[in-house]
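Engineer: Next comes protein24.pdb, PDB, C-alpha atoms and all ligand atoms:
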ATOM      1  CA  MET A   1    -106.538 -41.211 -80.522  1.00  0.00           C
ATOM      2  CA  LYS A   2    -109.000 -41.100 -77.653  1.00  0.00           C
ATOM      3  CA  PHE A   3    -112.631 -40.232 -78.280  1.00  0.00           C
ATOM      4  CA  SER A   4    -114.260 -37.920 -75.768  1.00  0.00           C
ATOM      5  CA  PRO A   5    -117.849 -36.774 -76.385  1.00  0.00           C
ATOM      6  CA  GLY A   6    -118.152 -33.136 -77.454  1.00  0.00           C
ATOM      7  CA  LYS A   7    -114.368 -32.580 -77.496  1.00  0.00           C
ATOM      8  CA  PRO A   8    -113.629 -29.152 -79.066  1.00  0.00           C
ATOM      9  CA  LEU A   9    -111.137 -29.285 -81.947  1.00  0.00           C
ATOM     10  CA  GLU A  10    -111.057 -25.833 -83.542  1.00  0.00           C
ATOM     11  CA  GLU A  11    -112.806 -22.490 -83.038  1.00  0.00           C
ATOM     12  CA  PHE A  12    -112.724 -19.356 -85.168  1.00  0.00           C
ATOM     13  CA  MET A  13    -114.717 -16.263 -86.178  1.00  0.00           C
ATOM     14  CA  ILE A  14    -115.731 -15.096 -89.651  1.00  0.00           C
ATOM     15  CA  GLU A  15    -116.761 -11.517 -90.454  1.00  0.00           C
ATOM     16  CA  LYS A  16    -119.444 -11.448 -93.156  1.00  0.00           C
ATOM     17  CA  LYS A  17    -121.476  -8.383 -94.190  1.00  0.00           C
ATOM     18  CA  GLY A  18    -120.819  -6.695 -90.852  1.00  0.00           C
ATOM     19  CA  LYS A  19    -121.855  -9.779 -88.852  1.00  0.00           C
ATOM     20  CA  THR A  20    -119.622 -12.062 -86.831  1.00  0.00           C
ATOM     21  CA  ILE A  21    -120.096 -15.787 -87.314  1.00  0.00           C
ATOM     22  CA  HIS A  22    -118.745 -18.085 -84.634  1.00  0.00           C
ATOM     23  CA  VAL A  23    -117.632 -21.533 -85.773  1.00  0.00           C
ATOM     24  CA  LYS A  24    -116.702 -24.436 -83.538  1.00  0.00           C
ATOM     25  CA  PHE A  25    -115.621 -27.851 -84.847  1.00  0.00           C
ATOM     26  CA  ARG A  26    -116.050 -30.590 -82.251  1.00  0.00           C
ATOM     27  CA  TYR A  27    -116.715 -34.277 -81.730  1.00  0.00           C
ATOM     28  CA  PRO A  28    -120.372 -35.310 -81.354  1.00  0.00           C
ATOM     29  CA  ARG A  29    -122.188 -36.536 -78.239  1.00  0.00           C
ATOM     30  CA  MET A  30    -125.420 -38.541 -77.965  1.00  0.00           C
ATOM     31  CA  SER A  31    -127.344 -35.462 -76.778  1.00  0.00           C
ATOM     32  CA  ASP A  32    -126.724 -33.959 -80.276  1.00  0.00           C
ATOM     33  CA  THR A  33    -129.231 -36.411 -81.810  1.00  0.00           C
ATOM     34  CA  GLU A  34    -132.092 -33.873 -82.262  1.00  0.00           C
ATOM     35  CA  GLU A  35    -129.781 -31.138 -83.538  1.00  0.00           C
ATOM     36  CA  ILE A  36    -128.041 -33.406 -86.057  1.00  0.00           C
ATOM     37  CA  MET A  37    -131.391 -34.748 -87.273  1.00  0.00           C
ATOM     38  CA  ARG A  38    -132.701 -31.195 -87.735  1.00  0.00           C
ATOM     39  CA  TYR A  39    -129.567 -30.126 -89.634  1.00  0.00           C
ATOM     40  CA  ILE A  40    -129.423 -33.265 -91.831  1.00  0.00           C
ATOM     41  CA  ASN A  41    -133.071 -32.933 -92.798  1.00  0.00           C
ATOM     42  CA  ALA A  42    -132.570 -29.231 -93.577  1.00  0.00           C
ATOM     43  CA  VAL A  43    -129.471 -29.811 -95.696  1.00  0.00           C
ATOM     44  CA  THR A  44    -131.192 -32.668 -97.550  1.00  0.00           C
ATOM     45  CA  ARG A  45    -133.962 -30.210 -98.513  1.00  0.00           C
ATOM     46  CA  GLU A  46    -131.457 -27.541 -99.556  1.00  0.00           C
ATOM     47  CA  THR A  47    -129.143 -29.505-101.826  1.00  0.00           C
ATOM     48  CA  GLU A  48    -129.513 -32.195-104.458  1.00  0.00           C
ATOM     49  CA  PHE A  49    -125.829 -33.081-104.113  1.00  0.00           C
ATOM     50  CA  LEU A  50    -126.045 -35.653-101.309  1.00  0.00           C
ATOM     51  CA  ARG A  51    -126.329 -39.396-101.845  1.00  0.00           C
ATOM     52  CA  ASN A  52    -128.698 -39.688 -98.906  1.00  0.00           C
ATOM     53  CA  ASN A  53    -131.826 -37.872-100.079  1.00  0.00           C
ATOM     54  CA  LYS A  54    -134.451 -39.088 -97.592  1.00  0.00           C
ATOM     55  CA  ARG A  55    -135.679 -37.540 -94.349  1.00  0.00           C
ATOM     56  CA  VAL A  56    -134.326 -39.274 -91.268  1.00  0.00           C
ATOM     57  CA  THR A  57    -136.375 -40.009 -88.165  1.00  0.00           C
ATOM     58  CA  ARG A  58    -135.221 -39.441 -84.603  1.00  0.00           C
ATOM     59  CA  LYS A  59    -134.930 -43.203 -84.109  1.00  0.00           C
ATOM     60  CA  GLU A  60    -132.772 -43.637 -87.234  1.00  0.00           C
ATOM     61  CA  GLU A  61    -130.627 -40.680 -86.246  1.00  0.00           C
ATOM     62  CA  ALA A  62    -130.092 -41.998 -82.696  1.00  0.00           C
ATOM     63  CA  LYS A  63    -128.994 -45.394 -84.057  1.00  0.00           C
ATOM     64  CA  TRP A  64    -126.708 -43.774 -86.631  1.00  0.00           C
ATOM     65  CA  LEU A  65    -125.110 -41.525 -83.993  1.00  0.00           C
ATOM     66  CA  ARG A  66    -124.666 -44.419 -81.546  1.00  0.00           C
ATOM     67  CA  ASP A  67    -122.984 -46.493 -84.273  1.00  0.00           C
ATOM     68  CA  THR A  68    -120.836 -43.512 -85.292  1.00  0.00           C
ATOM     69  CA  ILE A  69    -119.668 -42.864 -81.727  1.00  0.00           C
ATOM     70  CA  ASN A  70    -118.852 -46.568 -81.305  1.00  0.00           C
ATOM     71  CA  ALA A  71    -116.870 -46.498 -84.568  1.00  0.00           C
ATOM     72  CA  MET A  72    -114.998 -43.421 -83.302  1.00  0.00           C
ATOM     73  CA  LYS A  73    -114.179 -45.197 -80.034  1.00  0.00           C
ATOM     74  CA  THR A  74    -112.600 -48.056 -81.986  1.00  0.00           C
ATOM     75  CA  GLY A  75    -110.698 -45.748 -84.357  1.00  0.00           C
ATOM     76  CA  LYS A  76    -112.685 -46.643 -87.485  1.00  0.00           C
ATOM     77  CA  LYS A  77    -114.309 -43.281 -88.101  1.00  0.00           C
ATOM     78  CA  ILE A  78    -113.923 -39.555 -87.583  1.00  0.00           C
ATOM     79  CA  TYR A  79    -117.112 -37.508 -87.366  1.00  0.00           C
ATOM     80  CA  ILE A  80    -116.923 -33.789 -86.678  1.00  0.00           C
ATOM     81  CA  VAL A  81    -119.837 -31.416 -86.239  1.00  0.00           C
ATOM     82  CA  ALA A  82    -119.678 -27.718 -87.118  1.00  0.00           C
ATOM     83  CA  GLU A  83    -121.513 -25.659 -84.532  1.00  0.00           C
ATOM     84  CA  ILE A  84    -122.171 -22.325 -86.206  1.00  0.00           C
ATOM     85  CA  ASN A  85    -123.516 -19.537 -84.001  1.00  0.00           C
ATOM     86  CA  GLY A  86    -124.398 -22.220 -81.468  1.00  0.00           C
ATOM     87  CA  ARG A  87    -126.371 -24.535 -83.791  1.00  0.00           C
ATOM     88  CA  ILE A  88    -125.129 -27.640 -85.576  1.00  0.00           C
ATOM     89  CA  SER A  89    -125.165 -26.499 -89.210  1.00  0.00           C
ATOM     90  CA  GLY A  90    -122.560 -28.728 -90.810  1.00  0.00           C
ATOM     91  CA  SER A  91    -120.614 -31.908 -90.362  1.00  0.00           C
ATOM     92  CA  GLY A  92    -118.063 -34.103 -92.041  1.00  0.00           C
ATOM     93  CA  SER A  93    -116.753 -37.612 -91.695  1.00  0.00           C
ATOM     94  CA  VAL A  94    -114.010 -39.951 -92.760  1.00  0.00           C
ATOM     95  CA  GLU A  95    -114.727 -43.646 -92.359  1.00  0.00           C
ATOM     96  CA  SER A  96    -112.278 -46.497 -92.819  1.00  0.00           C
ATOM     97  CA  MET A  97    -113.298 -48.973 -95.518  1.00  0.00           C
ATOM     98  CA  GLY A  98    -112.093 -51.883 -93.368  1.00  0.00           C
ATOM     99  CA  GLY A  99    -110.252 -55.067 -94.380  1.00  0.00           C
ATOM    100  CA  ALA A 100    -107.573 -54.536 -97.026  1.00  0.00           C
ATOM    101  CA  GLY A 101    -108.915 -50.986 -97.334  1.00  0.00           C
ATOM    102  CA  SER A 102    -108.597 -50.178 -93.620  1.00  0.00           C
ATOM    103  CA  HIS A 103    -106.079 -47.443 -94.447  1.00  0.00           C
ATOM    104  CA  VAL A 104    -108.542 -45.881 -96.924  1.00  0.00           C
ATOM    105  CA  GLY A 105    -111.128 -43.429 -95.598  1.00  0.00           C
ATOM    106  CA  ILE A 106    -114.310 -42.317 -97.335  1.00  0.00           C
ATOM    107  CA  LEU A 107    -114.926 -38.596 -96.857  1.00  0.00           C
ATOM    108  CA  GLY A 108    -118.350 -36.947 -96.711  1.00  0.00           C
ATOM    109  CA  ILE A 109    -119.297 -33.360 -95.852  1.00  0.00           C
ATOM    110  CA  ALA A 110    -122.360 -31.103 -95.884  1.00  0.00           C
ATOM    111  CA  LEU A 111    -123.017 -27.561 -94.669  1.00  0.00           C
ATOM    112  CA  ARG A 112    -126.268 -25.606 -94.421  1.00  0.00           C
ATOM    113  CA  GLU A 113    -126.451 -23.484 -97.574  1.00  0.00           C
ATOM    114  CA  LYS A 114    -126.473 -20.174 -95.638  1.00  0.00           C
ATOM    115  CA  TYR A 115    -123.003 -20.999 -94.275  1.00  0.00           C
ATOM    116  CA  THR A 116    -121.388 -22.045 -97.568  1.00  0.00           C
ATOM    117  CA  ASN A 117    -118.779 -19.988 -99.470  1.00  0.00           C
ATOM    118  CA  MET A 118    -117.215 -18.644 -96.263  1.00  0.00           C
ATOM    119  CA  GLY A 119    -114.247 -20.990 -96.079  1.00  0.00           C
ATOM    120  CA  ILE A 120    -115.832 -23.283 -93.461  1.00  0.00           C
ATOM    121  CA  GLY A 121    -115.902 -26.376 -95.717  1.00  0.00           C
ATOM    122  CA  THR A 122    -112.248 -25.952 -96.669  1.00  0.00           C
ATOM    123  CA  ARG A 123    -111.232 -25.727 -93.000  1.00  0.00           C
ATOM    124  CA  LEU A 124    -113.414 -28.688 -92.023  1.00  0.00           C
ATOM    125  CA  ILE A 125    -111.906 -30.922 -94.736  1.00  0.00           C
ATOM    126  CA  GLU A 126    -108.379 -29.912 -93.658  1.00  0.00           C
ATOM    127  CA  LEU A 127    -109.247 -30.841 -90.075  1.00  0.00           C
ATOM    128  CA  LEU A 128    -110.843 -34.140 -91.156  1.00  0.00           C
ATOM    129  CA  MET A 129    -107.687 -35.079 -93.058  1.00  0.00           C
ATOM    130  CA  ASN A 130    -105.484 -34.301 -90.041  1.00  0.00           C
ATOM    131  CA  GLU A 131    -107.733 -36.285 -87.708  1.00  0.00           C
ATOM    132  CA  ALA A 132    -107.915 -39.159 -90.209  1.00  0.00           C
ATOM    133  CA  ILE A 133    -104.124 -39.504 -90.226  1.00  0.00           C
ATOM    134  CA  LYS A 134    -104.286 -40.016 -86.425  1.00  0.00           C
ATOM    135  CA  ILE A 135    -106.460 -43.135 -86.883  1.00  0.00           C
ATOM    136  CA  GLY A 136    -104.174 -44.585 -89.547  1.00  0.00           C
ATOM    137  CA  ILE A 137    -105.892 -43.343 -92.707  1.00  0.00           C
ATOM    138  CA  GLU A 138    -103.382 -42.983 -95.549  1.00  0.00           C
ATOM    139  CA  VAL A 139    -105.666 -42.427 -98.542  1.00  0.00           C
ATOM    140  CA  ILE A 140    -108.897 -40.420 -98.747  1.00  0.00           C
ATOM    141  CA  LYS A 141    -111.517 -41.319-101.298  1.00  0.00           C
ATOM    142  CA  LEU A 142    -114.694 -39.412-102.088  1.00  0.00           C
ATOM    143  CA  SER A 143    -117.314 -39.041-104.730  1.00  0.00           C
ATOM    144  CA  HIS A 144    -119.511 -36.170-105.792  1.00  0.00           C
ATOM    145  CA  TYR A 145    -122.206 -35.389-108.322  1.00  0.00           C
ATOM    146  CA  GLU A 146    -120.272 -34.612-111.488  1.00  0.00           C
ATOM    147  CA  ASN A 147    -122.065 -31.255-111.768  1.00  0.00           C
ATOM    148  CA  ASN A 148    -121.260 -30.188-108.180  1.00  0.00           C
ATOM    149  CA  LYS A 149    -118.792 -27.540-109.319  1.00  0.00           C
ATOM    150  CA  ARG A 150    -118.295 -25.947-105.922  1.00  0.00           C
ATOM    151  CA  ALA A 151    -117.392 -29.231-104.227  1.00  0.00           C
ATOM    152  CA  ARG A 152    -115.118 -30.139-107.133  1.00  0.00           C
ATOM    153  CA  HIS A 153    -113.336 -26.779-106.855  1.00  0.00           C
ATOM    154  CA  VAL A 154    -112.804 -27.174-103.098  1.00  0.00           C
ATOM    155  CA  TYR A 155    -111.480 -30.746-103.430  1.00  0.00           C
ATOM    156  CA  GLU A 156    -109.119 -29.783-106.272  1.00  0.00           C
ATOM    157  CA  LYS A 157    -107.878 -26.816-104.228  1.00  0.00           C
ATOM    158  CA  LEU A 158    -107.106 -29.215-101.368  1.00  0.00           C
ATOM    159  CA  GLY A 159    -105.029 -31.499-103.594  1.00  0.00           C
ATOM    160  CA  PHE A 160    -107.575 -34.177-104.508  1.00  0.00           C
ATOM    161  CA  ARG A 161    -107.037 -35.876-107.873  1.00  0.00           C
ATOM    162  CA  HIS A 162    -109.656 -37.179-110.293  1.00  0.00           C
ATOM    163  CA  ALA A 163    -109.938 -40.948-110.674  1.00  0.00           C
ATOM    164  CA  GLY A 164    -112.835 -40.969-113.126  1.00  0.00           C
ATOM    165  CA  VAL A 165    -116.570 -40.646-113.558  1.00  0.00           C
ATOM    166  CA  ILE A 166    -119.212 -43.372-113.326  1.00  0.00           C
ATOM    167  CA  PRO A 167    -122.017 -42.396-115.703  1.00  0.00           C
ATOM    168  CA  LYS A 168    -125.611 -42.513-114.379  1.00  0.00           C
ATOM    169  CA  ALA A 169    -124.490 -43.484-110.857  1.00  0.00           C
ATOM    170  CA  ARG A 170    -126.633 -40.798-109.213  1.00  0.00           C
ATOM    171  CA  LYS A 171    -130.302 -40.057-109.797  1.00  0.00           C
ATOM    172  CA  SER A 172    -131.923 -36.793-108.663  1.00  0.00           C
ATOM    173  CA  ARG A 173    -135.331 -36.645-107.019  1.00  0.00           C
ATOM    174  CA  ASN A 174    -136.730 -35.557-110.425  1.00  0.00           C
ATOM    175  CA  GLY A 175    -135.435 -38.783-111.992  1.00  0.00           C
ATOM    176  CA  LYS A 176    -132.556 -37.144-113.892  1.00  0.00           C
ATOM    177  CA  TYR A 177    -129.304 -39.118-114.060  1.00  0.00           C
ATOM    178  CA  HIS A 178    -125.912 -37.651-113.174  1.00  0.00           C
ATOM    179  CA  GLY A 179    -122.359 -38.924-113.335  1.00  0.00           C
ATOM    180  CA  GLU A 180    -120.577 -39.695-110.069  1.00  0.00           C
ATOM    181  CA  ALA A 181    -117.041 -38.300-110.004  1.00  0.00           C
ATOM    182  CA  ILE A 182    -114.511 -40.230-107.900  1.00  0.00           C
ATOM    183  CA  MET A 183    -111.578 -38.354-106.340  1.00  0.00           C
ATOM    184  CA  TYR A 184    -108.748 -39.326-104.026  1.00  0.00           C
ATOM    185  CA  ARG A 185    -105.885 -37.841-102.064  1.00  0.00           C
ATOM    186  CA  ILE A 186    -102.849 -39.668-100.769  1.00  0.00           C
ATOM    187  CA  LEU A 187    -102.271 -38.366 -97.227  1.00  0.00           C
ATOM    188  CA  VAL A 188     -99.143 -40.258 -96.201  1.00  0.00           C
TER     189      VAL A 188
HETATM  190  C1  LIG A 201    -119.151 -28.411-100.883  1.00  0.00           C
HETATM  191  C2  LIG A 201    -118.981 -27.726 -99.541  1.00  0.00           C
HETATM  192  C3  LIG A 201    -118.571 -28.715 -98.464  1.00  0.00           C
HETATM  193  C4  LIG A 201    -117.861 -26.659 -99.663  1.00  0.00           C
HETATM  194  O1  LIG A 201    -117.747 -25.963 -98.456  1.00  0.00           O
HETATM  195  P1  LIG A 201    -117.815 -24.356 -98.441  1.00  0.00           P
HETATM  196  O2  LIG A 201    -117.608 -23.898 -97.061  1.00  0.00           O
HETATM  197  O3  LIG A 201    -119.043 -23.893 -99.149  1.00  0.00           O
HETATM  198  O4  LIG A 201    -116.534 -24.014 -99.350  1.00  0.00           O
HETATM  199  P2  LIG A 201    -115.475 -22.858 -99.128  1.00  0.00           P
HETATM  200  O5  LIG A 201    -116.170 -21.598 -98.764  1.00  0.00           O
HETATM  201  O6  LIG A 201    -114.401 -23.339 -98.242  1.00  0.00           O
HETATM  202  O7  LIG A 201    -114.872 -22.756-100.611  1.00  0.00           O
HETATM  203  C5  LIG A 201    -115.738 -22.534-101.701  1.00  0.00           C
HETATM  204  C6  LIG A 201    -114.902 -22.343-102.940  1.00  0.00           C
HETATM  205  O8  LIG A 201    -115.692 -22.735-104.082  1.00  0.00           O
HETATM  206  C7  LIG A 201    -115.813 -21.658-104.961  1.00  0.00           C
HETATM  207  N1  LIG A 201    -117.113 -21.783-105.594  1.00  0.00           N
HETATM  208  C8  LIG A 201    -118.327 -21.449-105.119  1.00  0.00           C
HETATM  209  N2  LIG A 201    -119.283 -21.754-106.017  1.00  0.00           N
HETATM  210  C9  LIG A 201    -118.642 -22.302-107.084  1.00  0.00           C
HETATM  211  C10 LIG A 201    -119.075 -22.814-108.333  1.00  0.00           C
HETATM  212  N3  LIG A 201    -120.374 -22.845-108.654  1.00  0.00           N
HETATM  213  N4  LIG A 201    -118.137 -23.306-109.178  1.00  0.00           N
HETATM  214  C11 LIG A 201    -116.829 -23.313-108.852  1.00  0.00           C
HETATM  215  N5  LIG A 201    -116.354 -22.836-107.675  1.00  0.00           N
HETATM  216  C12 LIG A 201    -117.258 -22.333-106.811  1.00  0.00           C
HETATM  217  C13 LIG A 201    -115.641 -20.425-104.095  1.00  0.00           C
HETATM  218  O9  LIG A 201    -115.243 -19.333-104.882  1.00  0.00           O
HETATM  219  C14 LIG A 201    -114.519 -20.894-103.176  1.00  0.00           C
HETATM  220  O10 LIG A 201    -113.300 -20.891-103.866  1.00  0.00           O
HETATM  221  P3  LIG A 201    -111.907 -20.337-103.216  1.00  0.00           P
HETATM  222  O11 LIG A 201    -111.752 -21.022-101.897  1.00  0.00           O
HETATM  223  O12 LIG A 201    -110.875 -20.710-104.212  1.00  0.00           O
HETATM  224  O13 LIG A 201    -112.112 -18.880-103.038  1.00  0.00           O
HETATM  225  C15 LIG A 201    -120.304 -26.980 -99.120  1.00  0.00           C
HETATM  226  O14 LIG A 201    -120.576 -25.960-100.072  1.00  0.00           O
HETATM  227  C16 LIG A 201    -121.500 -27.906 -98.978  1.00  0.00           C
HETATM  228  O15 LIG A 201    -121.641 -28.573 -97.973  1.00  0.00           O
HETATM  229  N6  LIG A 201    -122.385 -27.898 -99.994  1.00  0.00           N
HETATM  230  C17 LIG A 201    -123.655 -28.638 -99.942  1.00  0.00           C
HETATM  231  C18 LIG A 201    -123.484 -30.163 -99.869  1.00  0.00           C
HETATM  232  C19 LIG A 201    -122.400 -30.682-100.765  1.00  0.00           C
HETATM  233  O16 LIG A 201    -122.307 -30.357-101.943  1.00  0.00           O
HETATM  234  N7  LIG A 201    -121.549 -31.532-100.177  1.00  0.00           N
HETATM  235  C20 LIG A 201    -120.463 -32.182-100.884  1.00  0.00           C
HETATM  236  C21 LIG A 201    -120.947 -33.485-101.391  1.00  0.00           C
HETATM  237  S1  LIG A 201    -119.633 -34.335-102.231  1.00  0.00           S
END
As structure tokens, please, write out the structure in this file.

Structural biologist:
Amino acid sequence: MKFSPGKPLEEFMIEKKGKTIHVKFRYPRMSDTEEIMRYINAVTRETEFLRNNKRVTRKEEAKWLRDTINAMKTGKKIYIVAEINGRISGSGSVESMGGAGSHVGILGIALREKYTNMGIGTRLIELLMNEAIKIGIEVIKLSHYENNKRARHVYEKLGFRHAGVIPKARKSRNGKYHGEAIMYRILV
């Protein structure tokens, strides 16, 4: 698999309440730094269901994106942005665990709340799994807040199985503990 910055992967339209929403899934490029930072900080405000719950700075985001693109070039990671009506409003990744777990990829995904429940997350996870196979990923692993019912539903629908729950593994900003549910899917 060859990485090329900004490479388009999938494009489709969604009709919602008389409006047309244009969705494009593509690879990232360094010039996306500002847009990704803006989207990540927005999504972090909107949901409690992400492990990363701190604001990121431009400098942190640039380093993260540079490292991500390098990992994509060496076939260790897939990162796909969702450009929705021309703005980056979602993204997802699968990253190889390395070593004896090189064939195992950790999946993460987050969409801006206003674009949830339209089928975009389902399509992005399907694409991530297909792209992951191309870099040699055979097993996908993920975890979610135990009470994240929507994510759980989507993962179950896509064939993920439950491995178990680690009690108290996540703590909300208000100090409340939550279980972390671990799921997996054998791809090949
Ligand atoms: C979780 C997430 C990726 C799912 O993507 P999405 O585009 O919203 O999901 P889709 O529209 O493809 O599917 C949503 C499904 O969940 C269902 N759903 C919505 N709310 C639900 C709830 N509270 N309980 C159970 N199911 C729910 C919908 O009915 C739909 O089911 P269907 O496909 O069988 O009709 C997205 O909502 C998101 O990014 N949320 C915020 C961050 C997050 O939770 N990330 C995951 C961290 S592990």

Engineer: Taking every listed atom of ligand LIG 201 (chain A) and adding 8 Å to each side, what centre and edge lengths in Å (one decimal) does the axis-aligned box have, as JSON?

Structural biologist:
{"center_x": -117.3, "center_y": -26.6, "center_z": -103.1, "size_x": 28.8, "size_y": 31.5, "size_z": 28.1}

Engineer: May I ask which of the residues A:Asn52, A:Asn147, A:Thr116, A:Thr33 is the closest one to ligand LIG 201 (chain A), counting all atoms listed in the file?

Structural biologist: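 Using all atoms listed in the file, ligand LIG 201 (chain A) sits closest to A:Thr116.
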
Engineer: Using all atoms listed in the file, pick whichever of A:Gly119, A:Gly108, A:Gly175, A:Gly164 has the shortest atom-to-atom distance to ligand LIG 201 (chain A).

Structural biologist: A:Gly119

Engineer: Set the distance at 12 Å and use all atoms listed in the file: which residues neighbour Met129 (chain A) once local chain neighbours fewer than 3 positions away are removed? I'd like the list as an MDAnalysis selection string.

Structural biologist: chainID A and resid 77:80 92:95 104:108 122:126 132:141 155 158:160 184:188

Engineer: Write out as an MDAnalysis selection string each polymer residue (protein, DNA or RNA) that has an atom no more than 10 Å from ligand LIG 201 (chain A), with only C-alpha atoms and all ligand atoms counted.

Structural biologist: chainID A and resid 43:44 46:51 89:92 107:125 142:158 180:183

Engineer: Which one is closest to Phe3 (chain A): A:Asn70, A:Asn174, A:Asn85, A:Ser31? Count all atoms listed in the file.

Structural biologist: A:Asn70

Engineer: Pick out the closest residue to Arg170 (chain A) from this set: A:Asn53, A:Arg29, A:Ala42, A:Met13. Count all atoms listed in the file.

Structural biologist: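 Of the candidates, the smallest distance to Arg170 (chain A) is held by A:Asn53.
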
Engineer: For CA of Asp67 (chain A) and CA of His22 (chain A), determine how far apart the two atoms are, in Å to one decimal place.

Structural biologist: 28.7 Å

Engineer: CA of Met30 (chain A) to CA of Ile84 (chain A): how many Å, to one decimal?

Structural biologist: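 So the two atoms, CA of Met30 (chain A) and CA of Ile84 (chain A), lie 18.5 Å apart.
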
Engineer: Of the residues A:Arg58, A:His178, A:Lys76, A:Arg161, which is the one nearest to Ser96 (chain A), using all atoms listed in the file?

Structural biologist: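 Of all the options, A:Lys76 lies closest to Ser96 (chain A).
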
Engineer: What's the separation between CA of Met37 (chain A) and CA of Lys16 (chain A), in Å to one decimal place?

Structural biologist: 26.8 Å

Engineer: Calculated over only C-alpha atoms, which of the candidates A:Arg66, A:Val81, A:Val56, A:Ile36 has the smallest distance to Lys7 (chain A)?

Structural biologist: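 Ranking A:Arg66, A:Val81, A:Val56, A:Ile36 by distance to Lys7 (chain A), first place goes to A:Val81.
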